[in-house]
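Student: Enclosed is the structure file final.pdb (PDB, C-alpha atoms).
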MODEL        1
ATOM      1  CA  MET A   1     -46.790-106.607 134.870
ATOM      2  CA  ARG A   2     -48.528-105.008 131.878
ATOM      3  CA  VAL A   3     -50.438-101.772 132.325
ATOM      4  CA  GLY A   4     -53.084-100.719 129.809
ATOM      5  CA  ILE A   5     -53.397 -97.068 128.814
ATOM      6  CA  LEU A   6     -56.675 -95.683 127.464
ATOM      7  CA  THR A   7     -56.486 -92.014 126.538
ATOM      8  CA  ALA A   8     -57.199 -89.697 123.635
ATOM      9  CA  ASP A   9     -54.254 -87.515 124.662
ATOM     10  CA  SER A  10     -51.114 -88.686 122.820
ATOM     11  CA  SER A  11     -48.782 -86.584 124.991
ATOM     12  CA  LEU A  12     -50.194 -88.162 128.145
ATOM     13  CA  ALA A  13     -49.780 -91.630 126.622
ATOM     14  CA  VAL A  14     -46.100 -90.915 125.876
ATOM     15  CA  GLN A  15     -45.491 -89.594 129.404
ATOM     16  CA  LEU A  16     -47.226 -92.556 131.052
ATOM     17  CA  ARG A  17     -45.306 -95.070 128.937
ATOM     18  CA  HIS A  18     -42.043 -93.373 129.906
ATOM     19  CA  ASP A  19     -42.863 -93.310 133.641
ATOM     20  CA  LEU A  20     -44.217 -96.857 133.709
ATOM     21  CA  THR A  21     -41.156 -98.212 131.918
ATOM     22  CA  GLN A  22     -38.895 -96.531 134.482
ATOM     23  CA  LEU A  23     -40.973 -98.145 137.235
ATOM     24  CA  GLY A  24     -40.426-101.588 135.720
ATOM     25  CA  PHE A  25     -43.862-102.064 134.109
ATOM     26  CA  SER A  26     -44.577-102.872 130.483
ATOM     27  CA  THR A  27     -47.405-100.993 128.752
ATOM     28  CA  ILE A  28     -50.118-101.684 126.227
ATOM     29  CA  GLY A  29     -52.342 -99.355 124.233
ATOM     30  CA  GLU A  30     -55.829-100.148 123.020
ATOM     31  CA  ASP A  31     -54.623-101.406 119.619
ATOM     32  CA  ASP A  32     -51.368-103.082 120.675
ATOM     33  CA  GLY A  33     -52.732-106.596 121.076
ATOM     34  CA  GLY A  34     -50.787-109.348 122.848
ATOM     35  CA  GLU A  35     -51.017-110.232 126.520
ATOM     36  CA  ALA A  36     -53.902-108.638 128.402
ATOM     37  CA  PRO A  37     -53.005-105.909 130.931
ATOM     38  CA  ALA A  38     -53.293-106.491 134.671
ATOM     39  CA  VAL A  39     -54.708-103.005 135.279
ATOM     40  CA  ILE A  40     -56.080-100.159 133.125
ATOM     41  CA  LEU A  41     -55.145 -96.469 133.374
ATOM     42  CA  LEU A  42     -58.218 -94.637 132.089
ATOM     43  CA  ASP A  43     -57.937 -90.955 131.163
ATOM     44  CA  CYS A  44     -61.222 -89.462 132.368
ATOM     45  CA  ARG A  45     -60.446 -85.876 131.459
ATOM     46  CA  SER A  46     -62.294 -86.231 128.133
ATOM     47  CA  SER A  47     -64.490 -88.837 126.395
ATOM     48  CA  ALA A  48     -64.689 -90.627 129.732
ATOM     49  CA  PRO A  49     -67.978 -92.528 129.276
ATOM     50  CA  GLU A  50     -66.855 -93.946 125.914
ATOM     51  CA  LEU A  51     -63.411 -94.935 127.191
ATOM     52  CA  LEU A  52     -64.902 -96.419 130.365
ATOM     53  CA  SER A  53     -67.176 -98.626 128.293
ATOM     54  CA  ARG A  54     -64.226 -99.922 126.261
ATOM     55  CA  SER A  55     -62.042-100.442 129.327
ATOM     56  CA  LYS A  56     -64.653-102.675 130.971
ATOM     57  CA  ALA A  57     -64.142-105.202 128.199
ATOM     58  CA  TYR A  58     -60.782-106.126 129.740
ATOM     59  CA  ASN A  59     -62.470-107.094 133.029
ATOM     60  CA  LYS A  60     -59.490-105.706 134.938
ATOM     61  CA  PRO A  61     -59.122-103.077 137.699
ATOM     62  CA  ILE A  62     -59.501 -99.535 136.347
ATOM     63  CA  ILE A  63     -57.613 -96.532 137.695
ATOM     64  CA  ALA A  64     -59.313 -93.294 136.662
ATOM     65  CA  ILE A  65     -57.065 -90.341 135.815
ATOM     66  CA  ILE A  66     -58.723 -87.015 136.604
ATOM     67  CA  GLU A  67     -57.540 -83.421 136.912
ATOM     68  CA  ALA A  68     -56.052 -82.551 140.292
ATOM     69  CA  ARG A  69     -58.272 -79.449 140.335
ATOM     70  CA  ALA A  70     -61.425 -80.958 138.884
ATOM     71  CA  SER A  71     -64.210 -78.414 139.198
ATOM     72  CA  ARG A  72     -67.036 -80.947 139.144
ATOM     73  CA  PRO A  73     -67.514 -84.482 140.501
ATOM     74  CA  VAL A  74     -67.069 -87.457 138.176
ATOM     75  CA  ASP A  75     -70.273 -89.448 138.457
ATOM     76  CA  PHE A  76     -68.893 -92.876 137.442
ATOM     77  CA  LEU A  77     -66.015 -93.109 139.949
ATOM     78  CA  THR A  78     -67.886 -95.819 141.856
ATOM     79  CA  GLU A  79     -67.165 -98.093 138.863
ATOM     80  CA  VAL A  80     -63.365 -97.850 139.132
ATOM     81  CA  ALA A  81     -60.850 -99.373 141.548
ATOM     82  CA  ASP A  82     -58.973 -96.167 142.316
ATOM     83  CA  VAL A  83     -58.366 -92.558 141.273
ATOM     84  CA  LEU A  84     -55.128 -90.916 140.172
ATOM     85  CA  PHE A  85     -55.010 -87.123 140.260
ATOM     86  CA  TYR A  86     -52.991 -85.779 137.329
ATOM     87  CA  PRO A  87     -50.282 -84.542 137.193
ATOM     88  CA  CYS A  88     -48.765 -86.981 139.661
ATOM     89  CA  SER A  89     -45.380 -88.292 140.770
ATOM     90  CA  LYS A  90     -44.001 -91.659 139.703
ATOM     91  CA  ASP A  91     -44.222 -92.765 143.346
ATOM     92  CA  GLU A  92     -47.954 -92.069 143.336
ATOM     93  CA  LEU A  93     -48.379 -93.880 140.005
ATOM     94  CA  TYR A  94     -46.588 -96.942 141.365
ATOM     95  CA  VAL A  95     -48.602 -96.994 144.583
ATOM     96  CA  ARG A  96     -51.982 -96.679 142.806
ATOM     97  CA  ILE A  97     -51.137 -99.602 140.480
ATOM     98  CA  THR A  98     -49.866-101.719 143.367
ATOM     99  CA  LEU A  99     -52.970-101.079 145.469
ATOM    100  CA  ALA A 100     -55.389-101.737 142.585
ATOM    101  CA  THR A 101     -53.803-105.057 141.608
ATOM    102  CA  HIS A 102     -53.395-106.134 145.238
ATOM    103  CA  LYS A 103     -57.074-105.569 146.035
ATOM    104  CA  ASN A 104     -58.156-107.614 143.039
ATOM    105  CA  ARG A 105     -55.721-110.508 143.405
ATOM    106  CA  PRO A 106     -57.339-113.941 143.911
ATOM    107  CA  ASN A 107     -56.878-115.368 147.367
ATOM    108  CA  HIS A 108     -54.887-118.591 146.905
ATOM    109  CA  PRO A 109     -54.279-120.788 149.990
ATOM    110  CA  SER A 110     -50.779-121.590 148.675
ATOM    111  CA  GLU A 111     -49.533-118.001 148.801
ATOM    112  CA  VAL A 112     -46.486-118.472 150.979
ATOM    113  CA  PHE A 113     -43.101-116.778 151.057
ATOM    114  CA  GLU A 114     -40.475-119.217 152.267
ATOM    115  CA  TRP A 115     -36.702-118.801 152.511
ATOM    116  CA  ARG A 116     -34.537-121.088 154.618
ATOM    117  CA  ASP A 117     -36.295-121.149 158.024
ATOM    118  CA  PHE A 118     -38.126-117.849 157.448
ATOM    119  CA  ARG A 119     -41.777-118.172 156.388
ATOM    120  CA  ILE A 120     -44.684-115.798 155.659
ATOM    121  CA  ASP A 121     -48.149-117.348 155.352
ATOM    122  CA  LEU A 122     -50.158-114.771 153.413
ATOM    123  CA  THR A 123     -53.625-116.194 153.987
ATOM    124  CA  GLY A 124     -52.966-117.221 157.584
ATOM    125  CA  TYR A 125     -51.355-113.880 158.484
ATOM    126  CA  GLU A 126     -48.499-115.685 160.197
ATOM    127  CA  VAL A 127     -44.734-115.219 160.151
ATOM    128  CA  SER A 128     -42.406-117.812 161.634
ATOM    129  CA  VAL A 129     -38.668-118.209 162.152
ATOM    130  CA  ASP A 130     -37.193-121.660 162.805
ATOM    131  CA  GLY A 131     -40.750-122.943 163.222
ATOM    132  CA  THR A 132     -41.590-120.413 165.933
ATOM    133  CA  LYS A 133     -44.473-118.026 165.187
ATOM    134  CA  LEU A 134     -43.637-114.343 165.581
ATOM    135  CA  ASP A 135     -46.055-112.049 167.402
ATOM    136  CA  LEU A 136     -46.524-109.318 164.768
ATOM    137  CA  THR A 137     -49.126-106.588 164.704
ATOM    138  CA  TYR A 138     -51.306-106.251 161.588
ATOM    139  CA  LYS A 139     -49.288-103.266 160.301
ATOM    140  CA  GLU A 140     -45.983-105.028 160.935
ATOM    141  CA  PHE A 141     -47.233-108.012 158.946
ATOM    142  CA  GLU A 142     -48.459-105.831 156.066
ATOM    143  CA  LEU A 143     -45.151-103.954 155.995
ATOM    144  CA  LEU A 144     -43.116-107.168 155.872
ATOM    145  CA  LYS A 145     -45.431-108.621 153.224
ATOM    146  CA  CYS A 146     -44.998-105.519 151.081
ATOM    147  CA  LEU A 147     -41.201-105.742 151.215
ATOM    148  CA  ALA A 148     -41.348-109.478 150.482
ATOM    149  CA  SER A 149     -43.503-108.907 147.387
ATOM    150  CA  SER A 150     -40.426-107.630 145.492
ATOM    151  CA  PRO A 151     -37.119-108.732 147.066
ATOM    152  CA  GLY A 152     -34.349-106.331 146.097
ATOM    153  CA  ARG A 153     -36.725-103.507 145.152
ATOM    154  CA  VAL A 154     -36.342-100.335 147.183
ATOM    155  CA  PHE A 155     -39.572 -98.948 148.630
ATOM    156  CA  THR A 156     -39.481 -95.306 149.683
ATOM    157  CA  ARG A 157     -40.987 -94.363 153.020
ATOM    158  CA  SER A 158     -43.717 -92.520 151.138
ATOM    159  CA  GLN A 159     -44.589 -95.643 149.135
ATOM    160  CA  LEU A 160     -44.702 -97.805 152.251
ATOM    161  CA  LEU A 161     -46.912 -95.294 154.055
ATOM    162  CA  LYS A 162     -49.395 -95.226 151.179
ATOM    163  CA  ILE A 163     -49.426 -98.991 150.598
ATOM    164  CA  VAL A 164     -49.589-100.114 154.241
ATOM    165  CA  TRP A 165     -51.302 -97.203 155.995
ATOM    166  CA  GLY A 166     -53.292 -95.672 153.149
ATOM    167  CA  TYR A 167     -52.859 -92.379 151.323
ATOM    168  CA  ASP A 168     -54.799 -90.443 153.990
ATOM    169  CA  TYR A 169     -52.330 -91.411 156.726
ATOM    170  CA  ILE A 170     -50.557 -88.273 157.915
ATOM    171  CA  GLU A 171     -48.345 -89.372 160.813
ATOM    172  CA  GLY A 172     -45.215 -89.172 158.637
ATOM    173  CA  ALA A 173     -42.239 -91.275 157.634
ATOM    174  CA  ARG A 174     -41.084 -91.767 161.232
ATOM    175  CA  THR A 175     -43.889 -94.322 161.621
ATOM    176  CA  VAL A 176     -42.232 -96.508 158.971
ATOM    177  CA  ASP A 177     -38.857 -96.291 160.733
ATOM    178  CA  VAL A 178     -40.397 -97.285 164.064
ATOM    179  CA  HIS A 179     -42.160-100.309 162.559
ATOM    180  CA  ILE A 180     -38.987-101.382 160.735
ATOM    181  CA  ARG A 181     -37.047-101.319 164.021
ATOM    182  CA  ARG A 182     -39.736-103.420 165.670
ATOM    183  CA  LEU A 183     -39.752-105.880 162.774
ATOM    184  CA  ARG A 184     -35.977-106.314 162.898
ATOM    185  CA  SER A 185     -36.148-106.863 166.630
ATOM    186  CA  LYS A 186     -38.807-109.560 166.231
ATOM    187  CA  LEU A 187     -36.928-111.252 163.382
ATOM    188  CA  GLY A 188     -33.998-111.599 165.753
ATOM    189  CA  SER A 189     -30.259-111.587 165.134
ATOM    190  CA  LYS A 190     -30.529-114.451 162.631
ATOM    191  CA  TYR A 191     -32.830-112.691 160.156
ATOM    192  CA  GLU A 192     -32.793-108.974 160.969
ATOM    193  CA  PHE A 193     -30.364-108.519 158.041
ATOM    194  CA  LEU A 194     -33.213-109.359 155.627
ATOM    195  CA  ILE A 195     -34.544-105.781 155.894
ATOM    196  CA  GLU A 196     -31.945-103.429 154.446
ATOM    197  CA  THR A 197     -31.875 -99.664 154.836
ATOM    198  CA  VAL A 198     -31.152 -97.676 151.672
ATOM    199  CA  ARG A 199     -29.781 -94.436 153.039
ATOM    200  CA  HIS A 200     -31.922 -91.345 152.376
ATOM    201  CA  VAL A 201     -34.415 -93.448 150.342
ATOM    202  CA  GLY A 202     -36.199 -96.251 152.190
ATOM    203  CA  TYR A 203     -36.071 -99.999 152.726
ATOM    204  CA  ARG A 204     -35.912-103.269 150.821
ATOM    205  CA  LEU A 205     -35.874-106.986 151.466
ATOM    206  CA  THR A 206     -32.339-108.074 150.624
ATOM    207  CA  SER A 207     -31.852-109.224 147.033
ATOM    208  CA  GLU A 208     -30.079-112.280 148.447
ATOM    209  CA  VAL A 209     -33.544-113.727 149.041
ATOM    210  CA  ALA A 210     -34.412-113.515 145.345
ATOM    211  CA  SER A 211     -31.097-114.907 144.088
ATOM    212  CA  ASN A 212     -30.283-117.555 146.693
ATOM    213  CA  ARG A 213     -30.843-121.120 145.507
ATOM    214  CA  ASP A 214     -32.353-122.111 148.840
ATOM    215  CA  GLN A 215     -35.382-119.903 148.106
ATOM    216  CA  LYS A 216     -38.546-121.989 147.678
ATOM    217  CA  SER A 217     -41.146-119.450 146.627
ATOM    218  CA  VAL A 218     -41.838-115.737 146.508
ATOM    219  CA  LEU A 219     -45.010-113.782 147.147
ATOM    220  CA  LYS A 220     -46.317-112.129 143.992
ATOM    221  CA  SER A 221     -47.955-108.768 144.009
TER     222      SER A 221
ENDMDL
END
Using structure tokens, write down the structure that the file contains.

Tutor:
Amino acid sequence: MRVGILTADSSLAVQLRHDLTQLGFSTIGEDDGGEAPAVILLDCRSSAPELLSRSKAYNKPIIAIIEARASRPVDFLTEVADVLFYPCSKDELYVRITLATHKNRPNHPSEVFEWRDFRIDLTGYEVSVDGTKLDLTYKEFELLKCLASSPGRVFTRSQLLKIVWGYDYIEGARTVDVHIRRLRSKLGSKYEFLIETVRHVGYRLTSEVASNRDQKSVLKS
């Protein structure tokens, strides 16, 4: 995924490019040309109205970067998809981009994750194993869908909390662990191995799903 960066601060641009590259994204500046970005990071700490006007030309979700201790409200925040308080962690940067692109993704009826006899119907909010529908709660479904969006990628508990429960959710990482245990139980002995624990970090959908030749399709974030 390409991420556009609009800022008048060269040091911020360098830092964002470094962080985004480490997160697996490619980046594009205003004058780079080539493939259009999927989301725009807009530095609103200075020249915001001018940069906002230029960023709208891309017709893509805009994430506004503002100071963590902003002393006054930013009056155009209703025109952006999300807000990123700077400085921020790479986890927060990843989550904001994921949420912004997820919210603005077209809803295609064919969005299905299918591997062997394990199936996730994105639009129907259904998960089935061996043709039998699993009784998942909404949060369990969203958690499984998140892991399935990038097989093999490790999601920290913090990332999963922010993506599935929202950044205002304060119950803590134990909630993720509880839902993972419930998911594994509902997947049963045949498919519980799909959700791997990465010790002291978080969880991932096994990379075997991405590499196995029996895989039919993969959800895209």

Student: Can you work out the spacing between atom CA of Val112 of chain A and atom CA of Ser26 of chain A in Å, to one decimal?

Tutor: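 We find that atom CA of Val112 of chain A and atom CA of Ser26 of chain A lie 25.8 Å from each other.
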
Student: Atom CA of Gln159 of chain A and atom CA of Leu183 of chain A are how many Å apart?

Tutor: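 Those two atoms sit 17.7 Å apart.
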
Student: I'd like the neighbourhood of segment 88-104 of chain A as an mmCIF file with C-alpha atoms, keeping the file's coordinate frame, where a residue qualifies if any of its atoms comes within 12 Å (using only C-alpha atoms), though same-chain residues fewer than 3 positions away should be ignored.

Tutor:
data_model
loop_
_atom_site.group_PDB
_atom_site.id
_atom_site.type_symbol
_atom_site.label_atom_id
_atom_site.label_comp_id
_atom_site.auth_asym_id
_atom_site.auth_seq_id
_atom_site.Cartn_x
_atom_site.Cartn_y
_atom_site.Cartn_z
ATOM 1 C CA MET A 1 -46.790 -106.607 134.870
ATOM 2 C CA ARG A 2 -48.528 -105.008 131.878
ATOM 3 C CA VAL A 3 -50.438 -101.772 132.325
ATOM 4 C CA GLY A 4 -53.084 -100.719 129.809
ATOM 5 C CA LEU A 12 -50.194 -88.162 128.145
ATOM 6 C CA GLN A 15 -45.491 -89.594 129.404
ATOM 7 C CA LEU A 16 -47.226 -92.556 131.052
ATOM 8 C CA ARG A 17 -45.306 -95.070 128.937
ATOM 9 C CA HIS A 18 -42.043 -93.373 129.906
ATOM 10 C CA ASP A 19 -42.863 -93.310 133.641
ATOM 11 C CA LEU A 20 -44.217 -96.857 133.709
ATOM 12 C CA THR A 21 -41.156 -98.212 131.918
ATOM 13 C CA GLN A 22 -38.895 -96.531 134.482
ATOM 14 C CA LEU A 23 -40.973 -98.145 137.235
ATOM 15 C CA GLY A 24 -40.426 -101.588 135.720
ATOM 16 C CA PHE A 25 -43.862 -102.064 134.109
ATOM 17 C CA PRO A 37 -53.005 -105.909 130.931
ATOM 18 C CA ALA A 38 -53.293 -106.491 134.671
ATOM 19 C CA VAL A 39 -54.708 -103.005 135.279
ATOM 20 C CA ILE A 40 -56.080 -100.159 133.125
ATOM 21 C CA LEU A 41 -55.145 -96.469 133.374
ATOM 22 C CA ASN A 59 -62.470 -107.094 133.029
ATOM 23 C CA LYS A 60 -59.490 -105.706 134.938
ATOM 24 C CA PRO A 61 -59.122 -103.077 137.699
ATOM 25 C CA ILE A 62 -59.501 -99.535 136.347
ATOM 26 C CA ILE A 63 -57.613 -96.532 137.695
ATOM 27 C CA ALA A 64 -59.313 -93.294 136.662
ATOM 28 C CA ILE A 65 -57.065 -90.341 135.815
ATOM 29 C CA ILE A 66 -58.723 -87.015 136.604
ATOM 30 C CA GLU A 67 -57.540 -83.421 136.912
ATOM 31 C CA ALA A 68 -56.052 -82.551 140.292
ATOM 32 C CA VAL A 80 -63.365 -97.850 139.132
ATOM 33 C CA ALA A 81 -60.850 -99.373 141.548
ATOM 34 C CA ASP A 82 -58.973 -96.167 142.316
ATOM 35 C CA VAL A 83 -58.366 -92.558 141.273
ATOM 36 C CA LEU A 84 -55.128 -90.916 140.172
ATOM 37 C CA PHE A 85 -55.010 -87.123 140.260
ATOM 38 C CA ASN A 107 -56.878 -115.368 147.367
ATOM 39 C CA GLU A 142 -48.459 -105.831 156.066
ATOM 40 C CA LYS A 145 -45.431 -108.621 153.224
ATOM 41 C CA CYS A 146 -44.998 -105.519 151.081
ATOM 42 C CA SER A 149 -43.503 -108.907 147.387
ATOM 43 C CA SER A 150 -40.426 -107.630 145.492
ATOM 44 C CA VAL A 154 -36.342 -100.335 147.183
ATOM 45 C CA PHE A 155 -39.572 -98.948 148.630
ATOM 46 C CA THR A 156 -39.481 -95.306 149.683
ATOM 47 C CA ARG A 157 -40.987 -94.363 153.020
ATOM 48 C CA SER A 158 -43.717 -92.520 151.138
ATOM 49 C CA GLN A 159 -44.589 -95.643 149.135
ATOM 50 C CA LEU A 160 -44.702 -97.805 152.251
ATOM 51 C CA LEU A 161 -46.912 -95.294 154.055
ATOM 52 C CA LYS A 162 -49.395 -95.226 151.179
ATOM 53 C CA ILE A 163 -49.426 -98.991 150.598
ATOM 54 C CA VAL A 164 -49.589 -100.114 154.241
ATOM 55 C CA TRP A 165 -51.302 -97.203 155.995
ATOM 56 C CA GLY A 166 -53.292 -95.672 153.149
ATOM 57 C CA TYR A 167 -52.859 -92.379 151.323
ATOM 58 C CA LEU A 219 -45.010 -113.782 147.147
ATOM 59 C CA LYS A 220 -46.317 -112.129 143.992
ATOM 60 C CA SER A 221 -47.955 -108.768 144.009
#

Student: Once the PyMOL selection byres ((chain A and resi 198) around 12) has been applied to the shown file, what residues remain in the selection, as a PyMOL selection string?

Tutor: chain A and resi 152-157+177+195-197+199-206

Student: Find the distance between atom CA of Thr175 of chain A and atom CA of Arg116 of chain A and write it in Å to one decimal.

Tutor: 29.2 Å

Student: As a PyMOL selection string, please: the residues near Glu140 of chain A (cut-off 9 Å, only C-alpha atoms, same-chain neighbours under 2 positions excluded).

Tutor: chain A and resi 136-138+142-145+179-180+182-183

Student: Between A:Ser207, A:Ser189, A:Thr123, A:Thr132, which residue has the minimum interatomic distance to Pro151 of chain A, considering all atoms listed in the file?

Tutor: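 Among the listed residues, the smallest separation from Pro151 of chain A belongs to A:Ser207.
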
Student: Could you tell me which residues the PyMOL selection byres ((chain A and resi 190) around 10) returns for this structure, as a ChimeraX atom specification?

Tutor: /A:117-118,129-130,184,187-189,191-194

Student: Hey, which of A:Asp43, A:Glu111, A:Asp9, A:Glu208 ends up closest to Tyr125 of chain A? Count all atoms listed in the file.

Tutor: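 That would be A:Glu111, the residue with the smallest distance to Tyr125 of chain A.
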
Student: What are the centre and edge lengths in Å, to one decimal, of the axis-aligned box around all listed atoms of segment 181-195 of chain A with 8 Å added on each side, as JSON?

Tutor:
{"center_x": -35.0, "center_y": -107.9, "center_z": 161.1, "size_x": 25.5, "size_y": 29.1, "size_z": 27.0}
